[in-house]
$ cat my_file23.txt   # compact mmCIF, C-alpha atoms and all ligand atoms
# COMPACT_ATOMS: atom_id res chain seq x y z
CA MET A 604 1.69 104.36 29.92
CA THR A 605 4.15 104.84 32.77
CA LEU A 606 5.18 101.56 34.41
CA LYS A 607 4.77 101.70 38.19
CA ILE A 608 7.65 99.95 39.96
CA GLY A 609 8.30 98.94 43.58
CA VAL A 610 11.86 98.38 44.82
CA ILE A 611 12.86 95.95 47.62
CA GLY A 612 16.31 96.77 49.08
CA THR A 613 17.55 100.35 48.98
CA GLY A 614 21.29 99.74 49.43
CA ALA A 615 24.02 100.58 46.91
CA ILE A 616 22.51 99.17 43.74
CA GLY A 617 18.89 99.64 44.89
CA GLU A 618 19.50 103.36 45.28
CA ASP A 619 21.27 103.48 41.92
CA HIS A 620 18.40 101.67 40.12
CA ILE A 621 15.86 104.03 41.76
CA ARG A 622 17.90 107.04 40.53
CA ARG A 623 18.10 105.39 37.10
CA CYS A 624 14.32 104.84 36.85
CA MET A 625 13.46 108.35 38.10
CA GLN A 626 16.16 110.38 36.33
CA ALA A 627 17.86 108.52 33.48
CA LEU A 628 15.36 106.12 31.87
CA SER A 629 11.98 106.66 30.26
CA GLY A 630 8.55 105.13 30.73
CA ALA A 631 8.74 104.17 34.42
CA GLU A 632 8.33 105.63 37.88
CA ILE A 633 9.02 104.32 41.37
CA VAL A 634 5.83 104.15 43.43
CA ALA A 635 7.01 102.20 46.51
CA VAL A 636 10.29 101.23 48.18
CA THR A 637 11.17 99.16 51.21
CA ASP A 638 14.20 97.84 53.08
CA VAL A 639 14.78 95.87 56.30
CA ASN A 640 16.25 99.19 57.41
CA LEU A 641 13.13 101.36 56.94
CA ASP A 642 15.03 104.56 57.77
CA ARG A 643 17.33 103.82 54.85
CA ALA A 644 14.30 103.22 52.58
CA ARG A 645 12.79 106.59 53.65
CA GLU A 646 16.12 108.35 53.11
CA VAL A 647 16.51 107.01 49.55
CA ALA A 648 12.83 107.69 48.76
CA GLY A 649 13.27 111.27 49.98
CA LYS A 650 16.25 111.73 47.65
CA TYR A 651 14.79 110.39 44.40
CA ALA A 652 11.07 109.68 44.81
CA PRO A 653 9.62 111.83 47.61
CA GLY A 654 6.14 110.87 48.77
CA VAL A 655 6.21 107.25 47.57
CA LYS A 656 4.82 104.50 49.80
CA VAL A 657 7.28 102.79 52.17
CA PRO A 658 5.58 99.53 53.24
CA ASP A 659 6.98 97.52 56.16
CA ASP A 660 8.32 94.61 54.12
CA GLY A 661 8.86 93.18 50.64
CA GLU A 662 5.73 91.01 50.71
CA SER A 663 3.50 94.04 51.48
CA LEU A 664 5.18 95.99 48.68
CA ILE A 665 4.58 93.23 46.14
CA ALA A 666 0.90 93.04 47.19
CA LEU A 667 0.26 96.79 46.62
CA PRO A 668 -2.27 97.08 43.76
CA GLU A 669 -0.44 100.05 42.21
CA VAL A 670 2.88 98.12 41.97
CA GLU A 671 2.92 96.70 38.43
CA ALA A 672 6.51 95.43 38.46
CA VAL A 673 9.09 94.73 41.17
CA ILE A 674 12.84 95.30 41.36
CA VAL A 675 14.64 93.09 43.92
CA THR A 676 17.92 94.60 45.12
CA SER A 677 18.11 93.18 48.65
CA TRP A 678 20.89 90.79 49.71
CA GLY A 679 21.30 87.68 47.57
CA GLY A 680 19.98 85.31 50.26
CA THR A 681 16.59 87.08 50.24
CA HIS A 682 16.02 87.13 46.47
CA ALA A 683 14.25 83.76 46.05
CA ARG A 684 11.41 84.51 48.45
CA TYR A 685 10.60 87.86 46.82
CA VAL A 686 10.81 86.51 43.26
CA LEU A 687 8.53 83.60 44.17
CA GLU A 688 6.10 86.00 45.82
CA ALA A 689 6.08 88.25 42.70
CA ILE A 690 5.36 85.21 40.50
CA ARG A 691 2.53 84.23 42.88
CA HIS A 692 1.06 87.72 42.29
CA LYS A 693 1.66 87.34 38.50
CA LYS A 694 3.85 90.47 38.56
CA TYR A 695 6.95 91.09 36.47
CA VAL A 696 10.16 91.09 38.49
CA PHE A 697 13.71 92.26 37.79
CA CYS A 698 15.97 90.45 40.26
CA GLU A 699 19.57 91.50 40.78
CA LYS A 700 22.14 88.72 40.52
CA PRO A 701 22.32 86.08 41.85
CA LEU A 702 18.75 84.89 41.18
CA ALA A 703 19.21 82.90 44.42
CA THR A 704 22.25 81.82 46.39
CA THR A 705 21.67 78.10 45.69
CA ALA A 706 20.68 76.20 42.55
CA GLU A 707 17.91 74.51 44.57
CA ASP A 708 16.22 77.88 45.18
CA CYS A 709 16.75 78.93 41.55
CA LEU A 710 15.04 75.73 40.44
CA LYS A 711 11.99 76.56 42.59
CA ILE A 712 11.74 79.85 40.67
CA VAL A 713 12.20 78.11 37.29
CA GLU A 714 9.45 75.64 38.20
CA ALA A 715 7.06 78.35 39.46
CA GLU A 716 7.56 80.44 36.31
CA ALA A 717 7.28 77.41 34.01
CA ALA A 718 4.03 76.41 35.80
CA TYR A 719 2.69 79.94 35.18
CA GLY A 720 3.61 79.40 31.53
CA ARG A 721 5.09 82.81 30.62
CA ARG A 722 8.23 84.75 31.48
CA LEU A 723 7.86 87.10 34.43
CA VAL A 724 11.49 87.20 35.60
CA GLN A 725 14.58 89.02 34.27
CA VAL A 726 17.85 88.45 36.14
CA GLY A 727 20.21 91.43 36.55
CA PHE A 728 23.16 90.01 34.65
CA MET A 729 24.15 93.22 32.89
CA ARG A 730 27.35 92.18 31.10
CA PRO A 731 25.55 90.94 27.95
CA TYR A 732 24.35 94.57 27.63
CA ASP A 733 27.92 95.95 27.83
CA THR A 734 29.23 97.20 24.47
CA GLY A 735 32.66 95.64 25.13
CA TYR A 736 31.31 92.13 25.74
CA ARG A 737 28.91 92.52 22.80
CA ALA A 738 31.81 93.43 20.48
CA LEU A 739 33.78 90.45 21.78
CA LYS A 740 30.87 88.05 21.22
CA SER A 741 30.18 89.41 17.76
CA LEU A 742 33.82 88.86 16.75
CA ILE A 743 33.73 85.29 18.08
CA ASP A 744 30.41 84.61 16.32
CA LYS A 745 31.89 85.82 13.01
CA GLY A 746 34.69 83.26 13.41
CA GLU A 747 37.44 85.91 13.48
CA ILE A 748 39.55 83.88 15.94
CA GLY A 749 38.34 80.47 14.76
CA GLU A 750 37.04 77.96 17.28
CA VAL A 751 37.45 79.15 20.87
CA LEU A 752 39.90 77.02 22.89
CA MET A 753 40.56 78.93 26.13
CA ILE A 754 39.60 82.00 28.16
CA HIS A 755 41.87 83.76 30.64
CA ALA A 756 39.89 86.14 32.83
CA ALA A 757 40.19 88.20 36.00
CA HIS A 758 37.58 89.88 38.23
CA ARG A 759 39.27 92.27 40.62
CA ASN A 760 37.63 94.56 43.19
CA GLN A 761 39.62 97.23 45.00
CA ARG A 762 38.42 95.93 48.38
CA VAL A 763 35.35 94.36 50.03
CA GLY A 764 33.61 94.86 53.40
CA ALA A 765 33.73 92.76 56.57
CA ASN A 766 30.53 90.85 55.65
CA TYR A 767 32.16 89.38 52.54
CA LYS A 768 33.01 85.65 52.92
CA THR A 769 35.20 83.35 50.78
CA ASP A 770 32.17 81.64 49.16
CA MET A 771 30.88 85.07 48.04
CA GLY A 772 33.92 85.17 45.75
CA ILE A 773 31.82 82.63 43.83
CA THR A 774 28.15 83.41 44.55
CA ASP A 775 28.45 87.21 44.46
CA THR A 776 31.48 87.92 42.26
CA LEU A 777 32.37 85.04 39.89
CA ILE A 778 28.63 84.63 39.18
CA HIS A 779 28.99 87.44 36.56
CA GLU A 780 31.62 85.41 34.66
CA LEU A 781 29.61 82.20 35.06
CA ASP A 782 26.74 83.95 33.31
CA VAL A 783 28.54 85.98 30.67
CA PHE A 784 30.70 83.11 29.37
CA ARG A 785 27.63 80.88 28.85
CA TRP A 786 26.07 83.72 26.86
CA MET A 787 29.26 84.54 24.93
CA LEU A 788 30.12 80.93 24.04
CA GLY A 789 26.64 79.38 23.73
CA ASP A 790 28.00 76.56 25.87
CA ASP A 791 27.45 75.06 29.34
CA TYR A 792 29.87 73.99 32.07
CA VAL A 793 30.73 70.40 32.94
CA SER A 794 33.27 70.79 35.77
CA ALA A 795 34.93 73.24 38.15
CA GLN A 796 38.00 73.35 40.36
CA VAL A 797 39.19 76.08 42.74
CA ILE A 798 42.81 76.77 43.64
CA PHE A 799 43.94 79.11 46.39
CA PRO A 800 47.26 80.90 45.81
CA ARG A 801 49.08 82.59 48.70
CA SER A 802 46.55 84.90 50.44
CA SER A 803 46.98 88.65 50.30
CA SER A 804 47.85 90.31 53.62
CA LYS A 805 45.50 93.12 52.49
CA ALA A 806 42.48 90.78 52.76
CA MET A 807 40.71 90.37 56.11
CA ALA A 808 41.87 87.30 58.02
CA HIS A 809 38.52 85.46 57.65
CA ILE A 810 38.66 85.26 53.84
CA ARG A 811 40.93 83.56 51.32
CA ASP A 812 41.75 86.03 48.59
CA PRO A 813 42.69 85.67 45.73
CA GLN A 814 41.30 82.44 44.32
CA ILE A 815 41.56 80.87 40.86
CA VAL A 816 38.59 79.05 39.34
CA LEU A 817 39.14 76.53 36.53
CA LEU A 818 36.11 75.67 34.41
CA GLU A 819 35.55 73.19 31.60
CA THR A 820 32.69 73.46 29.11
CA LYS A 821 30.80 70.82 27.11
CA LYS A 822 32.79 71.79 23.99
CA GLY A 823 36.05 71.29 25.94
CA ILE A 824 36.88 74.99 26.30
CA ARG A 825 39.07 75.62 29.37
CA ILE A 826 38.53 78.82 31.36
CA ASP A 827 40.62 80.23 34.19
CA VAL A 828 39.22 83.13 36.24
CA GLU A 829 41.17 84.92 38.93
CA ILE A 830 38.93 86.36 41.65
CA PHE A 831 40.80 88.97 43.67
CA VAL A 832 38.53 91.21 45.71
CA ASN A 833 41.14 93.17 47.69
CA CYS A 834 43.50 93.98 44.85
CA GLN A 835 43.91 97.57 46.19
CA TYR A 836 44.50 99.35 42.89
CA GLY A 837 41.04 99.44 41.27
CA TYR A 838 38.01 97.69 39.75
CA ASP A 839 39.42 95.69 36.89
CA ILE A 840 37.59 93.21 34.66
CA LYS A 841 39.75 91.30 32.17
CA CYS A 842 38.84 88.68 29.61
CA ALA A 843 41.09 87.29 26.86
CA VAL A 844 39.56 84.71 24.53
CA VAL A 845 42.06 82.47 22.73
CA GLY A 846 40.97 80.79 19.49
CA GLU A 847 42.61 78.71 16.77
CA LEU A 848 43.48 81.85 14.77
CA GLY A 849 44.11 84.54 17.37
CA GLU A 850 43.25 86.17 20.68
CA ALA A 851 40.46 88.71 21.35
CA SER A 852 40.33 90.76 24.54
CA LEU A 853 37.60 92.73 26.31
CA PRO A 854 38.29 96.44 25.70
CA MET A 855 39.07 98.68 28.68
CA PRO A 856 36.55 101.51 29.19
CA PRO A 857 37.72 104.67 27.42
CA ALA A 858 40.10 106.80 29.53
CA VAL A 859 42.30 109.81 28.86
CA GLU A 860 45.95 109.03 28.18
CA LEU A 861 48.08 111.21 30.40
CA ARG A 862 51.67 112.00 29.50
CA LYS A 863 53.34 113.58 32.50
CA SER A 864 56.59 113.39 34.49
CA ALA A 865 58.21 111.01 32.01
CA ALA A 866 55.29 108.57 32.26
CA LEU A 867 52.27 107.55 30.13
CA SER A 868 49.21 106.60 32.21
CA THR A 869 45.47 105.97 32.01
CA GLU A 870 43.12 105.94 34.98
CA ILE A 871 41.59 102.66 36.20
CA MET A 872 38.09 102.88 37.69
CA THR A 873 37.47 101.85 41.29
CA ASP A 874 33.66 101.53 41.43
CA TRP A 875 31.57 98.83 39.72
CA LYS A 876 28.67 101.33 39.48
CA GLU A 877 30.73 103.44 37.06
CA ARG A 878 32.44 100.58 35.17
CA PHE A 879 29.15 99.16 33.86
CA ILE A 880 26.96 102.27 34.11
CA ALA A 881 25.85 102.20 30.46
CA ALA A 882 25.08 98.47 30.64
CA TYR A 883 22.87 98.95 33.73
CA ASP A 884 21.01 101.75 31.93
CA VAL A 885 20.36 99.69 28.78
CA GLU A 886 19.49 96.59 30.80
CA LEU A 887 16.88 98.28 33.00
CA GLN A 888 15.37 100.21 30.06
CA ASP A 889 15.09 96.84 28.29
CA PHE A 890 13.21 95.48 31.34
CA ILE A 891 10.79 98.43 31.33
CA ASN A 892 10.19 98.07 27.58
CA GLY A 893 9.94 94.28 27.92
CA VAL A 894 7.22 94.52 30.59
CA LYS A 895 5.23 96.97 28.48
CA ALA A 896 5.53 94.73 25.41
CA ASP A 897 4.70 91.63 27.50
CA ALA A 898 7.95 90.10 26.20
CA LEU A 899 10.98 90.15 28.46
CA ASN A 900 14.58 90.00 27.18
CA GLY A 901 17.84 89.53 29.05
CA ALA A 902 18.83 86.70 31.36
CA THR A 903 16.03 84.25 32.17
CA SER A 904 15.36 82.30 35.35
CA TRP A 905 16.96 79.37 33.51
CA ASP A 906 20.14 81.44 32.98
CA GLY A 907 20.06 82.31 36.70
CA TYR A 908 19.68 78.60 37.53
CA CYS A 909 22.56 77.55 35.23
CA ALA A 910 24.92 80.12 36.76
CA SER A 911 23.96 78.94 40.25
CA VAL A 912 24.45 75.23 39.44
CA ALA A 913 27.99 76.12 38.38
CA ALA A 914 28.42 78.34 41.45
CA ASP A 915 27.32 75.49 43.76
CA ALA A 916 29.98 73.25 42.18
CA CYS A 917 32.64 75.95 42.64
CA VAL A 918 31.70 76.35 46.33
CA ARG A 919 31.98 72.55 46.75
CA ALA A 920 35.34 72.70 44.97
CA GLN A 921 36.53 75.39 47.41
CA GLU A 922 35.92 72.90 50.22
CA THR A 923 37.11 69.64 48.61
CA GLY A 924 40.00 70.92 46.50
CA GLN A 925 38.78 68.40 43.87
CA ILE A 926 37.38 68.75 40.36
CA GLU A 927 33.59 68.91 40.87
CA LYS A 928 31.04 67.88 38.21
CA ILE A 929 28.37 70.32 37.04
CA ASP A 930 25.06 68.59 36.23
CA MET A 931 21.86 70.36 35.27
CA THR A 932 18.24 69.26 35.21
CA ALA A 933 16.31 69.15 31.88
CA ARG A 934 15.52 72.60 30.44
CA PRO A 935 11.76 73.34 30.54
CA SER A 936 10.15 74.21 27.19
CA LEU A 937 9.50 77.82 28.36
CA TYR A 938 13.27 78.35 28.06
CA GLY A 939 13.70 76.56 24.74
CA GLY A 940 14.10 73.00 26.09
P1 LIG A 1001 23.75 96.62 50.05
O1 LIG A 1001 24.09 95.87 51.30
O2 LIG A 1001 24.32 97.96 49.79
O3 LIG A 1001 22.16 96.77 49.96
C1 LIG A 1001 21.25 95.75 50.25
C2 LIG A 1001 20.04 96.41 50.93
O4 LIG A 1001 19.00 95.44 51.06
C3 LIG A 1001 20.38 96.91 52.31
O5 LIG A 1001 19.95 98.24 52.44
C4 LIG A 1001 19.62 95.96 53.22
O6 LIG A 1001 19.17 96.58 54.41
C5 LIG A 1001 18.46 95.54 52.33
N1 LIG A 1001 17.87 94.26 52.67
C6 LIG A 1001 18.51 93.14 53.04
N2 LIG A 1001 17.63 92.16 53.28
C7 LIG A 1001 16.40 92.68 53.04
C8 LIG A 1001 15.08 92.17 53.10
N3 LIG A 1001 14.82 90.91 53.48
N4 LIG A 1001 14.06 92.98 52.73
C9 LIG A 1001 14.29 94.23 52.36
N5 LIG A 1001 15.52 94.78 52.30
C10 LIG A 1001 16.56 94.02 52.63
O7 LIG A 1001 24.06 95.63 48.85
P2 LIG A 1001 24.22 95.95 47.28
O8 LIG A 1001 25.65 96.10 46.95
O9 LIG A 1001 23.27 97.02 46.89
O10 LIG A 1001 23.73 94.54 46.66
C11 LIG A 1001 22.35 94.19 46.64
C12 LIG A 1001 22.15 93.09 45.58
O11 LIG A 1001 22.52 93.58 44.31
C13 LIG A 1001 23.00 91.83 45.81
O12 LIG A 1001 22.24 90.71 45.41
C14 LIG A 1001 24.17 92.01 44.89
O13 LIG A 1001 24.71 90.77 44.47
C15 LIG A 1001 23.54 92.75 43.74
N6 LIG A 1001 24.50 93.61 43.05
C16 LIG A 1001 24.59 93.53 41.69
C17 LIG A 1001 25.52 94.26 41.00
C18 LIG A 1001 25.66 94.10 39.54
O14 LIG A 1001 26.70 94.47 39.01
N7 LIG A 1001 24.66 93.62 38.83
C19 LIG A 1001 26.43 95.17 41.71
C20 LIG A 1001 26.22 95.22 43.13
C21 LIG A 1001 25.27 94.46 43.75
P1 LIG A 1002 18.53 87.29 22.45
O1 LIG A 1002 17.90 88.29 23.33
O2 LIG A 1002 17.76 86.79 21.32
O3 LIG A 1002 19.00 86.10 23.40
C1 LIG A 1002 19.72 85.01 22.93
C2 LIG A 1002 19.81 83.89 23.97
O4 LIG A 1002 20.72 84.31 24.97
C3 LIG A 1002 18.51 83.51 24.68
O5 LIG A 1002 18.35 82.12 24.55
C4 LIG A 1002 18.72 83.86 26.15
O6 LIG A 1002 18.21 82.89 27.02
C5 LIG A 1002 20.23 83.94 26.23
N1 LIG A 1002 20.63 84.95 27.16
C6 LIG A 1002 20.23 86.24 27.22
N2 LIG A 1002 20.81 86.83 28.25
C7 LIG A 1002 21.61 85.91 28.83
C8 LIG A 1002 22.45 85.91 29.93
N3 LIG A 1002 22.62 87.02 30.67
N4 LIG A 1002 23.09 84.76 30.26
C9 LIG A 1002 22.96 83.66 29.54
N5 LIG A 1002 22.17 83.59 28.46
C10 LIG A 1002 21.50 84.70 28.13
O7 LIG A 1002 19.95 87.74 21.84
P2 LIG A 1002 20.75 89.09 21.73
O8 LIG A 1002 20.32 89.89 20.56
O9 LIG A 1002 22.19 88.69 21.86
O10 LIG A 1002 20.38 89.99 22.99
C11 LIG A 1002 20.83 89.74 24.31
C12 LIG A 1002 20.24 90.82 25.18
O11 LIG A 1002 20.91 92.07 24.93
C13 LIG A 1002 18.80 91.04 24.87
O12 LIG A 1002 18.11 91.20 26.07
C14 LIG A 1002 18.76 92.31 24.06
O13 LIG A 1002 17.59 93.07 24.26
C15 LIG A 1002 19.95 93.07 24.57
N6 LIG A 1002 20.51 93.95 23.57
C16 LIG A 1002 21.31 94.98 23.96
C17 LIG A 1002 21.89 95.81 23.03
C18 LIG A 1002 22.78 96.92 23.46
O14 LIG A 1002 23.05 97.81 22.67
N7 LIG A 1002 23.30 96.89 24.67
C19 LIG A 1002 21.67 95.60 21.71
C20 LIG A 1002 20.88 94.54 21.33
C21 LIG A 1002 20.31 93.71 22.26
C1 LIG A 1003 29.03 92.97 43.58
O1 LIG A 1003 27.86 92.46 44.17
C2 LIG A 1003 28.89 93.03 42.10
O2 LIG A 1003 27.99 92.51 41.51
C3 LIG A 1003 30.06 93.58 41.42
O3 LIG A 1003 29.82 93.70 40.04
C4 LIG A 1003 31.22 92.63 41.69
O4 LIG A 1003 32.39 93.12 41.06
C5 LIG A 1003 31.46 92.50 43.18
O5 LIG A 1003 32.50 91.56 43.41
C6 LIG A 1003 30.19 92.03 43.88
O6 LIG A 1003 30.41 91.96 45.26

$ encode --input "my_file23.txt" --output "C-alpha cells"
Amino acid sequence: MTLKIGVIGTGAIGEDHIRRCMQALSGAEIVAVTDVNLDRAREVAGKYAPGVKVPDDGESLIALPEVEAVIVTSWGGTHARYVLEAIRHKKYVFCEKPLATTAEDCLKIVEAEAAYGRRLVQVGFMRPYDTGYRALKSLIDKGEIGEVLMIHAAHRNQRVGANYKTDMGITDTLIHELDVFRWMLGDDYVSAQVIFPRSSSKAMAHIRDPQIVLLETKKGIRIDVEIFVNCQYGYDIKCAVVGELGEASLPMPPAVELRKSAALSTEIMTDWKERFIAAYDVELQDFINGVKADALNGATSWDGYCASVAADACVRAQETGQIEKIDMTARPSLYGG
C-alpha cells in the first residue's frame, strides 16, 4: 500500500520533504500540497508532484478523503492549529519542529492526542536519527565516559534572514538541542539562564547574536549552548560531553582533507539541509513505516511539549536575565507516565 500524504507549507523544508517522499523514500506519495502562497505551492507541486491537488488552505487539505497522513512544514506559529485539526480528523501527522511555539499550545496537542488514546503525532526532531548523535548516545549508555557531568555545545548558522528575531534563537534554533539532550541523557531540565555576549556587527541590528544558554538538569548536569546564527563561516553543530572518565564529542560529517599551499583543510558545510540529510531521510521513512504499522516512532507530542516548556523558560530568561525554573505538568500515561 502506498501512503497518500498531504503537505502544508511548501517553503525550504516543505519542498525538501516533498522531494524526499517522491524521489528518495519508499511506500509514500504526495497527493496534495498547499501554502499561504498558493503560487509557491503550485510551483513546488509542478516540480516534484505534477497534477496533485492544491487546496486553498491547510484545513481543506486535511479534510480531503484521499489524504491519509499530513506533513506540516509551515511556519512554527501555525503548527498547533494544523496538528489539532489532523487529530480531530484522526489522521497521522508529521509536524516539523517546534511542535508549537509555546508550551501552552503543545499541551493542547498532548491533551487532544491523549484523549484520542493513541499516538497520531511525530515531531520532526531529526537529530536522534543522526548517526553521529546515535554513536555519542551509545557510548554514553555503555558508560565509556562514566557519569555525565557537563555538555559544551554550539549551534551556528552562517546567517539568517530579516524575519529572524532574538527569541527564535530559542524557539527555532536551540529547540534542537533542547530535544536532543533530553533524548541523549534520559533527563529533564530544571532551570535555564541566557547570557548575551557582545553582539556581532554581522547580525542585523534588531537581533542579539550570539547568545549563550545555560541549562541545568534534574541529575545536576550543566549544559552550555552557544547560539550564533550569523557566524559567517558555515553551518556548524558542536557537542562535547564531559564525563567522570573522559570527553566524547559529536563527529563532524565526513569531508575530504585537502593539503594545498602549505595548509591542511577540510570543508565546513553551510546548509542545514545537507548537514542532516541522511537523518531527515531515515526520520521520514520511519514516519511512513510507522503510519503503515499503526505504531509511530520518533519524538512524541510529549517530547515536543518538554522542549517547548524549556524554550519558554529560556525566552523568559532572555528578558529577565535571571535563572528561570522549568516546571512540567504530569506526563499522561500515553507517553509512559
Ligand atoms: P519557509 O519560510 O521557507 O517555508 C514556510 C512555508 O510555509 C512558506 O512557503 C509559507 O508561505 C508557508 N506558510 C506559512 N504559514 C502558512 C499557513 N498558515 N498555511 C500554509 N502555509 C503556510 O520556512 P522553512 O525553513 O521551510 O521552515 C518551515 C518549518 O520547518 C519551521 O517550523 C521550521 O522550524 C522547520 N524547519 C525544520 C528544520 C529541521 O532541521 N528539522 C530545518 C528548517 C526548518
Ligand atoms: P525508542 O524509539 O524506543 O525511544 C526511546 C524513548 O526515547 C521513548 O520514550 C521516546 O519518547 C524517546 N524519544 C524518541 N525520540 C525522542 C526525541 N526526539 N526527543 C526526546 N525523546 C525522544 O528508542 P531508540 O531505539 O533509541 O530509537 C529512537 C528513534 O530512532 C526511533 O524512532 C527509532 O525508530 C529510530 N532509529 C533510527 C536508527 C537509525 O539508524 N537512524 C536506528 C534505530 C532506531
Ligand atoms: C532552522 O529552522 C532549523 O531547524 C535549522 O536546523 C537550524 O539550524 C536553524 O537555526 C533554524 O532556523

$ atom_distance --input "my_file23.txt" --atom1 "CA of Pro800 in chain A" --atom2 "CA of Gly679 in chain A"
26.9 Å

$ closest_residue --input "my_file23.txt" --among "A:Cys909, A:Ile743, A:Val844, A:Ala615" --to "ligand LIG 1003 (chain A)" --atoms "only C-alpha atoms and all ligand atoms"
A:Ala615

$ residues_near_ligand --input "my_file23.txt" --ligand "ligand LIG 1002 (chain A)" --cutoff "6 Å" --atoms "only C-alpha atoms and all ligand atoms" --output "tab-separated table (two decimals) with C-alpha atoms, in the frame of the given file"
chain	number	residue	atom	x	y	z
A	728	PHE	CA	23.16	90.01	34.65
A	731	PRO	CA	25.55	90.94	27.95
A	732	TYR	CA	24.35	94.57	27.63
A	733	ASP	CA	27.92	95.95	27.83
A	734	THR	CA	29.23	97.20	24.47
A	782	ASP	CA	26.74	83.95	33.31
A	783	VAL	CA	28.54	85.98	30.67
A	785	ARG	CA	27.63	80.88	28.85
A	786	TRP	CA	26.07	83.72	26.86
A	885	VAL	CA	20.36	99.69	28.78
A	900	ASN	CA	14.58	90.00	27.18
A	901	GLY	CA	17.84	89.53	29.05
A	902	ALA	CA	18.83	86.70	31.36
A	903	THR	CA	16.03	84.25	32.17
A	906	ASP	CA	20.14	81.44	32.98

$ residues_around --input "my_file23.txt" --residues "Thr605 in chain A" --least-positions-apart "2" --cutoff "7 Å" --atoms "all atoms listed in the file" --output "number ranges by chain"
A: 607, 630-632

$ closest_residue --input "my_file23.txt" --among "A:Ile815, A:Val912, A:Cys842, A:Val763" --to "Tyr792 in chain A" --atoms "all atoms listed in the file"
A:Val912

$ closest_residue --input "my_file23.txt" --among "A:Tyr908, A:Tyr836, A:Trp678, A:Phe784" --to "ligand LIG 1003 (chain A)" --atoms "only C-alpha atoms and all ligand atoms"
A:Trp678

$ closest_residue --input "my_file23.txt" --among "A:Ile880, A:Ala808, A:Leu628, A:Val859" --to "ligand LIG 1001 (chain A)" --atoms "only C-alpha atoms and all ligand atoms"
A:Ile880

$ residues_near_ligand --input "my_file23.txt" --ligand "ligand LIG 1001 (chain A)" --cutoff "7 Å" --atoms "all atoms listed in the file" --output "number ranges by chain"
A: 611-617, 637-640, 643, 660-661, 676-679, 681, 699-701, 727-729, 775, 875-876

$ write_last_selection --input "my_file23.txt" --atoms "C-alpha atoms" --output "short mmCIF file (atom, residue, chain, number, x, y, z; two decimals), in the frame of the given file"
data_model
loop_
_atom_site.label_atom_id
_atom_site.label_comp_id
_atom_site.auth_asym_id
_atom_site.auth_seq_id
_atom_site.Cartn_x
_atom_site.Cartn_y
_atom_site.Cartn_z
CA ILE A 611 12.86 95.95 47.62
CA GLY A 612 16.31 96.77 49.08
CA THR A 613 17.55 100.35 48.98
CA GLY A 614 21.29 99.74 49.43
CA ALA A 615 24.02 100.58 46.91
CA ILE A 616 22.51 99.17 43.74
CA GLY A 617 18.89 99.64 44.89
CA THR A 637 11.17 99.16 51.21
CA ASP A 638 14.20 97.84 53.08
CA VAL A 639 14.78 95.87 56.30
CA ASN A 640 16.25 99.19 57.41
CA ARG A 643 17.33 103.82 54.85
CA ASP A 660 8.32 94.61 54.12
CA GLY A 661 8.86 93.18 50.64
CA THR A 676 17.92 94.60 45.12
CA SER A 677 18.11 93.18 48.65
CA TRP A 678 20.89 90.79 49.71
CA GLY A 679 21.30 87.68 47.57
CA THR A 681 16.59 87.08 50.24
CA GLU A 699 19.57 91.50 40.78
CA LYS A 700 22.14 88.72 40.52
CA PRO A 701 22.32 86.08 41.85
CA GLY A 727 20.21 91.43 36.55
CA PHE A 728 23.16 90.01 34.65
CA MET A 729 24.15 93.22 32.89
CA ASP A 775 28.45 87.21 44.46
CA TRP A 875 31.57 98.83 39.72
CA LYS A 876 28.67 101.33 39.48
#

$ residues_near_ligand --input "my_file23.txt" --ligand "ligand LIG 1003 (chain A)" --cutoff "7 Å" --atoms "all atoms listed in the file" --output "JSON list (two decimals) with C-alpha atoms, in the coordinates of the input"
[["chain", "number", "residue", "atom", "x", "y", "z"],
["A", 758, "HIS", "CA", 37.58, 89.88, 38.23],
["A", 759, "ARG", "CA", 39.27, 92.27, 40.62],
["A", 760, "ASN", "CA", 37.63, 94.56, 43.19],
["A", 772, "GLY", "CA", 33.92, 85.17, 45.75],
["A", 775, "ASP", "CA", 28.45, 87.21, 44.46],
["A", 776, "THR", "CA", 31.48, 87.92, 42.26],
["A", 832, "VAL", "CA", 38.53, 91.21, 45.71],
["A", 875, "TRP", "CA", 31.57, 98.83, 39.72]]

$ atom_distance --input "my_file23.txt" --atom1 "CA of Ser911 in chain A" --atom2 "CA of Thr705 in chain A"
6.0 Å

$ residues_around --input "my_file23.txt" --residues "Arg645 in chain A" --least-positions-apart "3" --cutoff "10 Å" --atoms "all atoms listed in the file" --output "short mmCIF file (atom, residue, chain, number, x, y, z; two decimals) with C-alpha atoms, keeping the file's coordinate frame"
data_model
loop_
_atom_site.label_atom_id
_atom_site.label_comp_id
_atom_site.auth_asym_id
_atom_site.auth_seq_id
_atom_site.Cartn_x
_atom_site.Cartn_y
_atom_site.Cartn_z
CA THR A 613 17.55 100.35 48.98
CA VAL A 636 10.29 101.23 48.18
CA THR A 637 11.17 99.16 51.21
CA ASP A 638 14.20 97.84 53.08
CA ASN A 640 16.25 99.19 57.41
CA LEU A 641 13.13 101.36 56.94
CA ASP A 642 15.03 104.56 57.77
CA ALA A 648 12.83 107.69 48.76
CA GLY A 649 13.27 111.27 49.98
CA LYS A 650 16.25 111.73 47.65
CA ALA A 652 11.07 109.68 44.81
CA PRO A 653 9.62 111.83 47.61
CA GLY A 654 6.14 110.87 48.77
CA VAL A 655 6.21 107.25 47.57
CA LYS A 656 4.82 104.50 49.80
CA VAL A 657 7.28 102.79 52.17
#

$ closest_residue --input "my_file23.txt" --among "A:Val713, A:Ile608, A:Leu788, A:Val793" --to "Val675 in chain A" --atoms "only C-alpha atoms"
A:Ile608

$ closest_residue --input "my_file23.txt" --among "A:Gln921, A:Thr932, A:Ser904, A:Ser794" --to "Arg721 in chain A" --atoms "only C-alpha atoms"
A:Ser904

$ axis_aligned_box --input "my_file23.txt" --around "range 641-658 of chain A" --padding-each-side "4 Å" --output "JSON"
{"center_x": 11.1, "center_y": 105.7, "center_z": 51.1, "size_x": 20.5, "size_y": 20.3, "size_z": 21.4}

$ atom_distance --input "my_file23.txt" --atom1 "CA of Leu723 in chain A" --atom2 "CA of Gly940 in chain A"
17.5 Å

$ residues_around --input "my_file23.txt" --residues "Glu671 in chain A" --least-positions-apart "4" --cutoff "12 Å" --atoms "all atoms listed in the file" --output "PyMOL selection string"
chain A and resi 604-610+631-635+664-667+689-690+692-697+723+891+894-895
